[in-house]
file entry_16.cif (mmCIF, C-alpha atoms)
data_my_file
loop_
_atom_site.group_PDB
_atom_site.id
_atom_site.type_symbol
_atom_site.label_atom_id
_atom_site.label_comp_id
_atom_site.auth_asym_id
_atom_site.auth_seq_id
_atom_site.Cartn_x
_atom_site.Cartn_y
_atom_site.Cartn_z
ATOM 1 C CA MET A 10 0.000 0.000 0.000
ATOM 2 C CA ASN A 11 1.496 3.333 -1.105
ATOM 3 C CA ILE A 12 0.278 6.572 0.443
ATOM 4 C CA LEU A 13 0.772 10.085 -0.887
ATOM 5 C CA ALA A 14 1.517 12.045 2.291
ATOM 6 C CA ILE A 15 1.523 15.846 2.313
ATOM 7 C CA ASP A 16 2.634 17.815 5.365
ATOM 8 C CA ILE A 17 1.730 21.479 4.895
ATOM 9 C CA GLY A 18 3.426 24.022 7.149
ATOM 10 C CA GLY A 19 3.281 27.784 7.341
ATOM 11 C CA THR A 20 6.477 28.263 5.293
ATOM 12 C CA LYS A 21 7.231 24.872 3.747
ATOM 13 C CA ILE A 22 5.605 21.683 2.536
ATOM 14 C CA SER A 23 6.914 18.134 2.702
ATOM 15 C CA ILE A 24 5.556 15.610 0.195
ATOM 16 C CA GLY A 25 6.293 11.907 0.273
ATOM 17 C CA ILE A 26 5.259 8.434 -0.776
ATOM 18 C CA ILE A 27 5.136 6.175 2.290
ATOM 19 C CA ASN A 28 4.062 2.550 2.484
ATOM 20 C CA GLN A 29 2.358 0.679 5.301
ATOM 21 C CA HIS A 30 5.747 -0.486 6.592
ATOM 22 C CA GLN A 31 6.808 3.145 7.263
ATOM 23 C CA ASN A 32 9.251 3.118 4.344
ATOM 24 C CA ILE A 33 9.628 6.525 2.700
ATOM 25 C CA LEU A 34 9.883 5.847 -1.053
ATOM 26 C CA PHE A 35 10.004 9.482 -2.132
ATOM 27 C CA ARG A 36 10.310 12.788 -0.323
ATOM 28 C CA GLU A 37 10.561 16.396 -1.412
ATOM 29 C CA LYS A 38 10.476 19.705 0.458
ATOM 30 C CA ILE A 39 8.930 22.842 -1.015
ATOM 31 C CA ASN A 40 9.514 26.396 0.213
ATOM 32 C CA ILE A 41 6.257 28.368 0.165
ATOM 33 C CA LYS A 42 7.322 31.354 2.261
ATOM 34 C CA GLU A 43 6.457 33.901 -0.445
ATOM 35 C CA LYS A 44 3.487 31.945 -1.860
ATOM 36 C CA ARG A 45 -0.225 32.495 -1.340
ATOM 37 C CA GLY A 46 -3.568 30.996 -2.379
ATOM 38 C CA ASP A 47 -3.442 28.877 -5.529
ATOM 39 C CA GLN A 48 0.308 29.431 -5.840
ATOM 40 C CA VAL A 49 0.758 26.931 -3.012
ATOM 41 C CA ILE A 50 -1.409 24.346 -4.777
ATOM 42 C CA GLU A 51 0.580 24.864 -7.977
ATOM 43 C CA GLU A 52 3.752 23.973 -6.057
ATOM 44 C CA ILE A 53 2.096 20.814 -4.707
ATOM 45 C CA ALA A 54 0.869 19.891 -8.197
ATOM 46 C CA HIS A 55 4.369 20.300 -9.626
ATOM 47 C CA SER A 56 5.738 17.882 -7.016
ATOM 48 C CA ILE A 57 2.939 15.337 -7.526
ATOM 49 C CA ARG A 58 3.594 15.245 -11.287
ATOM 50 C CA LYS A 59 7.052 13.818 -10.536
ATOM 51 C CA ILE A 60 5.553 10.708 -8.940
ATOM 52 C CA ARG A 61 2.562 10.021 -11.195
ATOM 53 C CA GLU A 62 4.037 6.686 -12.286
ATOM 54 C CA LEU A 63 3.806 5.355 -8.709
ATOM 55 C CA ASN A 64 0.610 3.590 -7.754
ATOM 56 C CA ILE A 65 -1.117 5.568 -4.995
ATOM 57 C CA ASP A 66 -3.717 3.880 -2.793
ATOM 58 C CA GLY A 67 -4.698 6.906 -0.724
ATOM 59 C CA VAL A 68 -3.782 10.421 0.315
ATOM 60 C CA GLY A 69 -3.147 11.870 3.770
ATOM 61 C CA ILE A 70 -2.714 15.591 4.322
ATOM 62 C CA SER A 71 -1.578 17.427 7.441
ATOM 63 C CA ILE A 72 -2.538 21.108 7.678
ATOM 64 C CA PRO A 73 -1.665 23.852 10.209
ATOM 65 C CA GLY A 74 -5.299 24.726 10.783
ATOM 66 C CA ILE A 75 -8.829 23.301 10.693
ATOM 67 C CA TYR A 76 -10.405 20.899 8.177
ATOM 68 C CA TYR A 77 -14.144 20.957 7.410
ATOM 69 C CA PRO A 78 -15.008 17.418 6.224
ATOM 70 C CA ASN A 79 -18.493 18.334 4.988
ATOM 71 C CA THR A 80 -17.064 20.671 2.336
ATOM 72 C CA GLY A 81 -13.432 19.599 1.941
ATOM 73 C CA PHE A 82 -12.406 23.169 2.750
ATOM 74 C CA VAL A 83 -9.712 24.248 5.212
ATOM 75 C CA TRP A 84 -8.917 27.216 7.445
ATOM 76 C CA VAL A 85 -5.150 27.821 7.431
ATOM 77 C CA PRO A 86 -4.371 31.335 8.714
ATOM 78 C CA ASN A 87 -0.596 31.082 8.241
ATOM 79 C CA ILE A 88 -1.024 30.801 4.454
ATOM 80 C CA GLU A 89 -2.454 33.917 2.851
ATOM 81 C CA GLY A 90 -5.605 33.142 0.889
ATOM 82 C CA TRP A 91 -6.293 29.857 2.673
ATOM 83 C CA ILE A 92 -9.227 30.999 4.781
ATOM 84 C CA ASN A 93 -12.077 28.682 3.730
ATOM 85 C CA TYR A 94 -9.900 27.258 0.947
ATOM 86 C CA PRO A 95 -11.133 24.244 -1.139
ATOM 87 C CA LEU A 96 -8.113 22.021 -0.505
ATOM 88 C CA LYS A 97 -9.697 18.592 -1.036
ATOM 89 C CA PRO A 98 -11.366 19.510 -4.367
ATOM 90 C CA LYS A 99 -8.085 21.038 -5.558
ATOM 91 C CA ILE A 100 -6.080 17.902 -4.674
ATOM 92 C CA LEU A 101 -8.657 15.636 -6.348
ATOM 93 C CA ASP A 102 -8.420 17.801 -9.450
ATOM 94 C CA ILE A 103 -4.621 17.500 -9.480
ATOM 95 C CA LEU A 104 -4.775 13.718 -9.103
ATOM 96 C CA GLY A 105 -7.548 13.348 -11.675
ATOM 97 C CA ASN A 106 -9.201 10.597 -9.628
ATOM 98 C CA ASN A 107 -12.358 11.410 -7.700
ATOM 99 C CA GLU A 108 -12.491 7.854 -6.322
ATOM 100 C CA LEU A 109 -9.189 8.184 -4.457
ATOM 101 C CA LYS A 110 -9.677 8.381 -0.696
ATOM 102 C CA ILE A 111 -8.265 11.560 0.859
ATOM 103 C CA ALA A 112 -7.909 12.111 4.609
ATOM 104 C CA ILE A 113 -7.125 15.588 5.934
ATOM 105 C CA ASP A 114 -6.478 16.581 9.529
ATOM 106 C CA SER A 115 -4.599 19.120 11.631
ATOM 107 C CA ASP A 116 -0.830 19.021 12.021
ATOM 108 C CA ARG A 117 -1.468 18.498 15.734
ATOM 109 C CA THR A 118 -3.345 15.264 15.071
ATOM 110 C CA CYS A 119 -0.903 14.065 12.411
ATOM 111 C CA SER A 120 2.127 14.693 14.608
ATOM 112 C CA ILE A 121 0.840 12.590 17.486
ATOM 113 C CA LEU A 122 -0.298 9.906 15.005
ATOM 114 C CA GLY A 123 3.207 9.838 13.556
ATOM 115 C CA GLU A 124 4.802 9.527 16.982
ATOM 116 C CA ALA A 125 2.348 6.806 18.030
ATOM 117 C CA TRP A 126 2.977 4.877 14.804
ATOM 118 C CA ALA A 127 6.724 5.219 14.441
ATOM 119 C CA GLY A 128 8.148 7.409 17.209
ATOM 120 C CA LYS A 129 8.489 7.866 20.944
ATOM 121 C CA ALA A 130 4.753 7.530 21.675
ATOM 122 C CA LYS A 131 4.643 4.080 20.075
ATOM 123 C CA ASN A 132 4.029 2.124 23.272
ATOM 124 C CA TYR A 133 1.867 4.675 25.086
ATOM 125 C CA LYS A 134 -1.859 5.369 25.242
ATOM 126 C CA ASN A 135 -1.614 8.782 26.919
ATOM 127 C CA ALA A 136 0.796 11.014 25.049
ATOM 128 C CA ILE A 137 1.103 14.635 23.946
ATOM 129 C CA PHE A 138 3.122 16.045 21.065
ATOM 130 C CA ILE A 139 3.957 19.751 21.387
ATOM 131 C CA SER A 140 4.880 21.195 18.006
ATOM 132 C CA VAL A 141 6.846 24.438 18.046
ATOM 133 C CA GLY A 142 7.409 25.839 14.571
ATOM 134 C CA THR A 143 5.906 28.852 12.829
ATOM 135 C CA GLY A 144 3.095 28.428 15.354
ATOM 136 C CA ILE A 145 2.434 26.202 18.378
ATOM 137 C CA GLY A 146 0.006 23.322 18.712
ATOM 138 C CA ALA A 147 -0.412 20.032 20.577
ATOM 139 C CA GLY A 148 -1.578 16.625 19.448
ATOM 140 C CA ILE A 149 -3.197 14.943 22.434
ATOM 141 C CA MET A 150 -3.871 11.212 22.792
ATOM 142 C CA VAL A 151 -5.980 10.086 25.741
ATOM 143 C CA ASP A 152 -6.552 6.368 26.389
ATOM 144 C CA GLY A 153 -5.336 5.582 22.883
ATOM 145 C CA LYS A 154 -7.697 8.019 21.154
ATOM 146 C CA ILE A 155 -6.900 11.374 19.566
ATOM 147 C CA LEU A 156 -8.599 14.249 21.377
ATOM 148 C CA ARG A 157 -10.345 16.467 18.827
ATOM 149 C CA GLY A 158 -12.996 18.535 20.595
ATOM 150 C CA GLN A 159 -16.336 19.838 19.349
ATOM 151 C CA SER A 160 -14.922 21.658 16.301
ATOM 152 C CA ASN A 161 -11.694 19.674 15.826
ATOM 153 C CA VAL A 162 -9.739 22.522 17.455
ATOM 154 C CA ALA A 163 -8.538 20.685 20.572
ATOM 155 C CA GLY A 164 -4.826 21.178 21.099
ATOM 156 C CA ALA A 165 -4.651 24.796 19.900
ATOM 157 C CA ILE A 166 -2.385 25.533 22.846
ATOM 158 C CA GLY A 167 -0.878 28.605 21.198
ATOM 159 C CA TRP A 168 -3.851 30.368 22.804
ATOM 160 C CA MET A 169 -2.888 29.269 26.323
ATOM 161 C CA ALA A 170 -3.081 32.247 28.689
ATOM 162 C CA LEU A 171 0.382 32.268 30.257
ATOM 163 C CA SER A 172 0.731 35.957 31.068
ATOM 164 C CA ARG A 173 -1.388 38.838 32.275
ATOM 165 C CA PRO A 174 -2.891 41.291 31.733
ATOM 166 C CA PHE A 175 -4.313 40.552 28.303
ATOM 167 C CA ARG A 176 -2.756 42.509 25.427
ATOM 168 C CA ASP A 177 -4.437 43.175 22.085
ATOM 169 C CA ILE A 178 -1.379 41.755 20.299
ATOM 170 C CA TYR A 179 -2.409 38.275 21.482
ATOM 171 C CA LYS A 180 -5.606 38.292 19.412
ATOM 172 C CA ASN A 181 -4.138 36.838 16.225
ATOM 173 C CA TYR A 182 -1.815 34.250 17.778
ATOM 174 C CA GLY A 183 -2.615 33.674 21.423
ATOM 175 C CA CYS A 184 -0.318 34.593 24.296
ATOM 176 C CA PHE A 185 1.839 31.445 24.234
ATOM 177 C CA GLU A 186 2.392 31.469 20.476
ATOM 178 C CA TYR A 187 3.032 35.210 20.421
ATOM 179 C CA TYR A 188 6.207 34.752 22.474
ATOM 180 C CA ALA A 189 7.394 31.144 22.176
ATOM 181 C CA SER A 190 6.816 29.997 18.573
ATOM 182 C CA GLY A 191 9.373 30.397 15.792
ATOM 183 C CA ASP A 192 7.744 33.645 14.694
ATOM 184 C CA GLY A 193 7.187 34.563 18.338
ATOM 185 C CA ILE A 194 10.906 34.368 19.066
ATOM 186 C CA SER A 195 11.447 36.982 16.351
ATOM 187 C CA ARG A 196 8.545 39.128 17.576
ATOM 188 C CA TYR A 197 9.760 39.236 21.169
ATOM 189 C CA ALA A 198 13.333 39.978 20.100
ATOM 190 C CA ILE A 199 12.081 42.978 18.107
ATOM 191 C CA GLU A 200 10.062 44.151 21.125
ATOM 192 C CA LEU A 201 13.171 44.005 23.294
ATOM 193 C CA LEU A 202 15.296 45.769 20.679
ATOM 194 C CA ASN A 203 12.780 48.596 20.427
ATOM 195 C CA SER A 204 12.813 49.043 24.200
ATOM 196 C CA SER A 205 16.623 48.778 24.528
ATOM 197 C CA PRO A 206 18.167 51.863 22.852
ATOM 198 C CA ASP A 207 21.580 51.199 24.429
ATOM 199 C CA TYR A 208 21.889 47.709 22.944
ATOM 200 C CA LYS A 209 24.775 47.581 20.414
ATOM 201 C CA GLY A 210 24.872 43.852 19.657
ATOM 202 C CA PRO A 211 24.719 42.062 16.278
ATOM 203 C CA LEU A 212 20.918 41.796 16.240
ATOM 204 C CA ARG A 213 20.704 45.578 15.873
ATOM 205 C CA GLU A 214 22.258 45.274 12.417
ATOM 206 C CA LYS A 215 19.756 42.714 11.106
ATOM 207 C CA GLU A 216 17.169 43.956 8.624
ATOM 208 C CA LYS A 217 14.879 41.039 9.457
ATOM 209 C CA ILE A 218 15.387 38.960 12.586
ATOM 210 C CA THR A 219 14.623 35.235 12.457
ATOM 211 C CA SER A 220 14.642 32.569 15.148
ATOM 212 C CA TYR A 221 17.847 31.285 13.537
ATOM 213 C CA ASP A 222 19.487 34.650 14.232
ATOM 214 C CA ILE A 223 18.443 34.425 17.882
ATOM 215 C CA PHE A 224 19.903 30.960 18.400
ATOM 216 C CA GLU A 225 23.094 32.008 16.615
ATOM 217 C CA ALA A 226 23.441 35.139 18.786
ATOM 218 C CA LEU A 227 22.860 33.018 21.878
ATOM 219 C CA ILE A 228 26.128 31.185 21.197
ATOM 220 C CA TYR A 229 27.903 34.465 21.968
ATOM 221 C CA ASN A 230 25.785 35.184 25.088
ATOM 222 C CA ASP A 231 23.957 38.032 23.404
ATOM 223 C CA GLU A 232 21.783 39.745 26.029
ATOM 224 C CA ILE A 233 18.669 40.094 23.849
ATOM 225 C CA ALA A 234 18.888 36.518 22.600
ATOM 226 C CA THR A 235 19.400 35.277 26.170
ATOM 227 C CA LYS A 236 16.279 37.084 27.400
ATOM 228 C CA VAL A 237 14.197 35.777 24.497
ATOM 229 C CA ILE A 238 15.154 32.118 24.960
ATOM 230 C CA GLU A 239 14.931 32.263 28.768
ATOM 231 C CA ASN A 240 11.390 33.581 28.326
ATOM 232 C CA CYS A 241 10.642 30.718 25.915
ATOM 233 C CA ILE A 242 11.981 28.107 28.322
ATOM 234 C CA GLN A 243 9.720 29.455 31.059
ATOM 235 C CA LEU A 244 6.678 29.443 28.781
ATOM 236 C CA TRP A 245 7.408 25.998 27.318
ATOM 237 C CA GLY A 246 7.776 24.678 30.857
ATOM 238 C CA MET A 247 4.596 26.353 32.109
ATOM 239 C CA ALA A 248 2.572 25.059 29.151
ATOM 240 C CA CYS A 249 4.007 21.602 29.716
ATOM 241 C CA ALA A 250 2.987 21.786 33.388
ATOM 242 C CA ASN A 251 -0.570 22.756 32.485
ATOM 243 C CA LEU A 252 -0.888 19.804 30.106
ATOM 244 C CA ILE A 253 0.613 17.444 32.700
ATOM 245 C CA SER A 254 -1.833 18.605 35.367
ATOM 246 C CA ILE A 255 -4.875 18.392 33.078
ATOM 247 C CA PHE A 256 -4.196 15.174 31.142
ATOM 248 C CA ASN A 257 -1.807 13.126 33.333
ATOM 249 C CA PRO A 258 0.114 11.864 30.268
ATOM 250 C CA GLU A 259 2.744 9.141 30.213
ATOM 251 C CA ILE A 260 4.958 11.121 27.841
ATOM 252 C CA ILE A 261 5.212 14.620 26.357
ATOM 253 C CA ILE A 262 7.219 14.961 23.161
ATOM 254 C CA PHE A 263 8.550 18.272 21.870
ATOM 255 C CA GLY A 264 9.011 18.618 18.123
ATOM 256 C CA GLY A 265 8.741 21.029 15.214
ATOM 257 C CA GLY A 266 11.396 23.192 13.612
ATOM 258 C CA ILE A 267 12.434 24.988 16.823
ATOM 259 C CA PHE A 268 13.292 21.633 18.467
ATOM 260 C CA GLY A 269 16.030 21.538 16.533
ATOM 261 C CA PRO A 270 18.115 24.131 18.175
ATOM 262 C CA ALA A 271 15.989 24.215 21.336
ATOM 263 C CA SER A 272 16.466 20.492 22.039
ATOM 264 C CA LYS A 273 19.421 21.280 24.285
ATOM 265 C CA TYR A 274 17.079 23.054 26.721
ATOM 266 C CA ILE A 275 14.828 20.077 27.435
ATOM 267 C CA ASP A 276 16.229 19.618 30.980
ATOM 268 C CA LYS A 277 15.582 23.304 31.762
ATOM 269 C CA ILE A 278 12.041 22.922 30.424
ATOM 270 C CA LYS A 279 11.531 19.898 32.685
ATOM 271 C CA ASN A 280 12.784 21.870 35.696
ATOM 272 C CA GLU A 281 10.420 24.737 34.908
ATOM 273 C CA ALA A 282 7.482 22.348 34.442
ATOM 274 C CA ALA A 283 8.237 20.725 37.809
ATOM 275 C CA LYS A 284 7.695 24.055 39.562
ATOM 276 C CA TRP A 285 4.111 24.311 38.299
ATOM 277 C CA ALA A 286 2.756 20.821 37.564
ATOM 278 C CA GLN A 287 0.694 18.527 39.757
ATOM 279 C CA PRO A 288 3.491 16.661 41.599
ATOM 280 C CA ILE A 289 2.284 13.066 41.191
ATOM 281 C CA SER A 290 1.651 13.523 37.472
ATOM 282 C CA MET A 291 4.995 15.290 37.114
ATOM 283 C CA ARG A 292 6.889 12.386 38.691
ATOM 284 C CA GLU A 293 5.235 9.896 36.335
ATOM 285 C CA VAL A 294 5.638 11.715 33.020
ATOM 286 C CA LYS A 295 8.540 11.568 30.571
ATOM 287 C CA ILE A 296 9.431 14.792 28.726
ATOM 288 C CA GLU A 297 11.502 14.180 25.622
ATOM 289 C CA VAL A 298 12.382 15.539 22.172
ATOM 290 C CA SER A 299 11.092 13.792 19.057
ATOM 291 C CA GLU A 300 13.522 11.603 17.169
ATOM 292 C CA LEU A 301 11.364 11.786 14.029
ATOM 293 C CA GLY A 302 12.124 15.464 13.540
ATOM 294 C CA SER A 303 10.398 16.846 10.459
ATOM 295 C CA PHE A 304 9.140 13.353 9.561
ATOM 296 C CA ALA A 305 6.540 13.218 12.369
ATOM 297 C CA GLY A 306 3.823 15.106 10.490
ATOM 298 C CA LEU A 307 4.530 13.339 7.198
ATOM 299 C CA LEU A 308 4.389 9.876 8.798
ATOM 300 C CA GLY A 309 1.261 10.920 10.667
ATOM 301 C CA ALA A 310 -0.400 12.014 7.418
ATOM 302 C CA ALA A 311 0.396 8.601 5.946
ATOM 303 C CA LYS A 312 -1.048 6.816 9.008
ATOM 304 C CA LEU A 313 -4.137 9.016 8.757
ATOM 305 C CA ALA A 314 -4.686 7.814 5.175
ATOM 306 C CA ILE A 315 -4.026 4.155 6.044
ATOM 307 C CA ASP A 316 -6.558 4.310 8.896
ATOM 308 C CA ASN A 317 -9.053 5.995 6.552
ATOM 309 C CA ILE A 318 -8.667 3.209 3.971
ATOM 310 C CA HIS A 319 -9.106 0.491 6.606
ATOM 311 C CA LYS A 320 -12.135 2.259 8.073
ATOM 312 C CA ASN A 321 -13.948 3.109 4.842
ATOM 313 C CA GLY A 322 -12.715 0.348 2.568
#
call {"tool": "encode", "arguments": {"input": "entry_16.cif", "output": "structure tokens"}}
result
Amino acid sequence: MNILAIDIGGTKISIGIINQHQNILFREKINIKEKRGDQVIEEIAHSIRKIRELNIDGVGISIPGIYYPNTGFVWVPNIEGWINYPLKPKILDILGNNELKIAIDSDRTCSILGEAWAGKAKNYKNAIFISVGTGIGAGIMVDGKILRGQSNVAGAIGWMALSRPFRDIYKNYGCFEYYASGDGISRYAIELLNSSPDYKGPLREKEKITSYDIFEALIYNDEIATKVIENCIQLWGMACANLISIFNPEIIIFGGGIFGPASKYIDKIKNEAAKWAQPISMREVKIEVSELGSFAGLLGAAKLAIDNIHKNG
């Protein structure tokens, strides 16, 4: 069984052919940072044309947003022009096969599915995957089942209230994501730069600050970079503590593009979580970094499609 798996992120897309044995037969990454609307679909179509000769049994798609199964439309705020966007009809049109089964779900769901299928959550029934990339989200598995919520929005932890008072700048991202996502790292660094006129470090010379710049500056003990990442560690730990206290998981797995460079701080995150979490739950939980890296969402999309085929024939 060969699955076309598509993992759509806010700035890049990963496309692969994966079989039921978790073998990745083809994989390609696409940069969509400057793309919007149908331009993104055109990039996906270009990649799919390269693998037309392969027999595809189903399609699984991970999106950084919400899927509406009744219409096949999606809400993906990090891609311009993808508010109420007809993703499923567009993919069916590209494939030229309306009989092909397509499963679409959030990146939160796909990430925890990937970890449960092939990663560190494989032998657990209560696990949480915290994805920190362009945004922040959590895939939550309780008693072996994915937690989805009334509108399939469960796990949108970027909106966790981790600071007060409320600021209007949180409206578009949520408090947690505003500060501690990949984009949030850049946002907070700019805030600190604007309020630190005496700062003369290398970040002052950057036209556009990225999270990469912050981690690079941190190597040289840059004061702005240090404040930004220390703030992130506190927020990652606090969010982790909240999830531990609410769900009593066996394992929490950090992943996404920021973990990566932030993997080295996992012990500090654990220590911060221990200050806030319910103590019995805290003693029982493991807090680790994903070993699947950028493959978690792609593998999860494939598992989503395989489960869909088995369920619906």
call {"tool": "atom_distance", "arguments": {"input": "entry_16.cif", "atom1": "atom CA of A:Asn257", "atom2": "atom CA of A:Ala286"}}
result
9.9 Å
call {"tool": "resolve_selection", "arguments": {"input": "entry_16.cif", "expression": "the PyMOL selection byres ((chain A and resi 166) around 12)", "output": "ChimeraX atom specification"}}
result
/A:117,137-141,144-149,162-165,167-171,182-187,189-190,244-245,247-249,251-252
call {"tool": "residues_around", "arguments": {"input": "entry_16.cif", "residues": "stretch 18-34 of chain A", "least_positions_apart": "6", "cutoff": "9 Å", "atoms": "all atoms listed in the file", "output": "ChimeraX atom specification"}}
result
/A:10-12,40-44,53,56-57,60,63,65,71-73,85-88,116,126-127,142-144,303-304,306-308,311-312,315
call {"tool": "atom_distance", "arguments": {"input": "entry_16.cif", "atom1": "atom CA of A:Ser220", "atom2": "atom CA of A:Arg173"}}
result
24.3 Å
call {"tool": "closest_residue", "arguments": {"input": "entry_16.cif", "among": "A:Lys110, A:Lys38, A:Arg58, A:Lys154", "to": "A:Asn321", "atoms": "all atoms listed in the file"}}
result
A:Lys110
call {"tool": "resolve_selection", "arguments": {"input": "entry_16.cif", "expression": "the PyMOL selection byres ((chain A and resi 272-278) around 10)", "output": "NGL selection string"}}
result
:A and (238-239 or 241-250 or 263-264 or 267-271 or 279-283 or 296-299)
call {"tool": "resolve_selection", "arguments": {"input": "entry_16.cif", "expression": "the PyMOL selection byres ((chain A and resi 69) around 6)", "output": "MDAnalysis selection string"}}
result
chainID A and resid 14 68 70 111:113 310:311 313:314
call {"tool": "closest_residue", "arguments": {"input": "entry_16.cif", "among": "A:Tyr208, A:Phe35, A:Tyr133, A:Phe224", "to": "A:Lys59", "atoms": "only C-alpha atoms"}}
result
A:Phe35
call {"tool": "residues_around", "arguments": {"input": "entry_16.cif", "residues": "A:Asp231", "least_positions_apart": "4", "cutoff": "9 Å", "atoms": "only C-alpha atoms", "output": "list in words"}}
result
Gly210, Pro211, Leu212, Ile223, Ala226, Leu227, Thr235 and Lys236 of chain A
call {"tool": "atom_distance", "arguments": {"input": "entry_16.cif", "atom1": "atom CA of A:Trp84", "atom2": "atom CA of A:Gly105"}}
result
23.7 Å
call {"tool": "closest_residue", "arguments": {"input": "entry_16.cif", "among": "A:Asn181, A:Ile199, A:Arg213, A:Gly302", "to": "A:Gly123", "atoms": "only C-alpha atoms"}}
result
A:Gly302
call {"tool": "closest_residue", "arguments": {"input": "entry_16.cif", "among": "A:Glu108, A:Asn135, A:Ile103, A:Asn161", "to": "A:Pro78", "atoms": "all atoms listed in the file"}}
result
A:Asn161
call {"tool": "closest_residue", "arguments": {"input": "entry_16.cif", "among": "A:Asp192, A:Pro174, A:Arg61, A:Gly90", "to": "A:Gln48", "atoms": "all atoms listed in the file"}}
result
A:Gly90
call {"tool": "residues_around", "arguments": {"input": "entry_16.cif", "residues": "A:Glu200", "least_positions_apart": "5", "cutoff": "12 Å", "atoms": "all atoms listed in the file", "output": "PDB file with C-alpha atoms, in the frame of the given file"}}
result
ATOM      1  CA  ILE A 178      -1.379  41.755  20.299  1.00  0.00           C
ATOM      2  CA  TYR A 187       3.032  35.210  20.421  1.00  0.00           C
ATOM      3  CA  TYR A 188       6.207  34.752  22.474  1.00  0.00           C
ATOM      4  CA  GLY A 193       7.187  34.563  18.338  1.00  0.00           C
ATOM      5  CA  ILE A 194      10.906  34.368  19.066  1.00  0.00           C
ATOM      6  CA  SER A 195      11.447  36.982  16.351  1.00  0.00           C
ATOM      7  CA  SER A 205      16.623  48.778  24.528  1.00  0.00           C
ATOM      8  CA  PRO A 206      18.167  51.863  22.852  1.00  0.00           C
ATOM      9  CA  ARG A 213      20.704  45.578  15.873  1.00  0.00           C
ATOM     10  CA  ILE A 218      15.387  38.960  12.586  1.00  0.00           C
ATOM     11  CA  ILE A 233      18.669  40.094  23.849  1.00  0.00           C
ATOM     12  CA  ALA A 234      18.888  36.518  22.600  1.00  0.00           C
ATOM     13  CA  LYS A 236      16.279  37.084  27.400  1.00  0.00           C
ATOM     14  CA  VAL A 237      14.197  35.777  24.497  1.00  0.00           C
TER      15      VAL A 237
END
call {"tool": "axis_aligned_box", "arguments": {"input": "entry_16.cif", "around": "stretch 27-38 of chain A", "padding_each_side": "5 Å", "output": "JSON"}}
result
{"center_x": 6.5, "center_y": 9.6, "center_z": 2.6, "size_x": 18.2, "size_y": 30.2, "size_z": 19.4}
call {"tool": "build_atoms", "arguments": {"input": "entry_16.cif", "residues": "stretch 313-317 of chain A", "atoms": "all heavy atoms", "output": "compact mmCIF listing (two decimals), keeping the file's coordinate frame"}}
result
# COMPACT_ATOMS: atom_id res chain seq x y z
N LEU A 313 -2.77 8.52 8.87
CA LEU A 313 -4.14 9.02 8.76
C LEU A 313 -4.83 8.40 7.55
O LEU A 313 -5.98 7.95 7.62
CB LEU A 313 -4.11 10.54 8.64
CG LEU A 313 -5.43 11.29 8.61
CD1 LEU A 313 -6.06 11.31 10.00
CD2 LEU A 313 -5.21 12.73 8.12
N ALA A 314 -4.12 8.37 6.41
CA ALA A 314 -4.69 7.81 5.18
C ALA A 314 -4.89 6.30 5.28
O ALA A 314 -5.92 5.77 4.83
CB ALA A 314 -3.78 8.15 4.00
N ILE A 315 -3.91 5.61 5.88
CA ILE A 315 -4.03 4.16 6.04
C ILE A 315 -5.23 3.81 6.91
O ILE A 315 -6.03 2.92 6.58
CB ILE A 315 -2.73 3.58 6.66
CG1 ILE A 315 -1.59 3.69 5.64
CG2 ILE A 315 -2.92 2.14 7.11
CD1 ILE A 315 -0.21 3.41 6.21
N ASP A 316 -5.40 4.55 8.02
CA ASP A 316 -6.56 4.31 8.90
C ASP A 316 -7.86 4.60 8.16
O ASP A 316 -8.87 3.89 8.35
CB ASP A 316 -6.46 5.19 10.14
CG ASP A 316 -5.35 4.75 11.09
OD1 ASP A 316 -4.82 3.64 10.90
OD2 ASP A 316 -5.01 5.53 12.00
N ASN A 317 -7.86 5.63 7.32
CA ASN A 317 -9.05 6.00 6.55
C ASN A 317 -9.43 4.89 5.56
O ASN A 317 -10.60 4.56 5.40
CB ASN A 317 -8.80 7.31 5.81
CG ASN A 317 -10.02 7.82 5.09
OD1 ASN A 317 -11.12 7.85 5.63
ND2 ASN A 317 -9.84 8.24 3.84
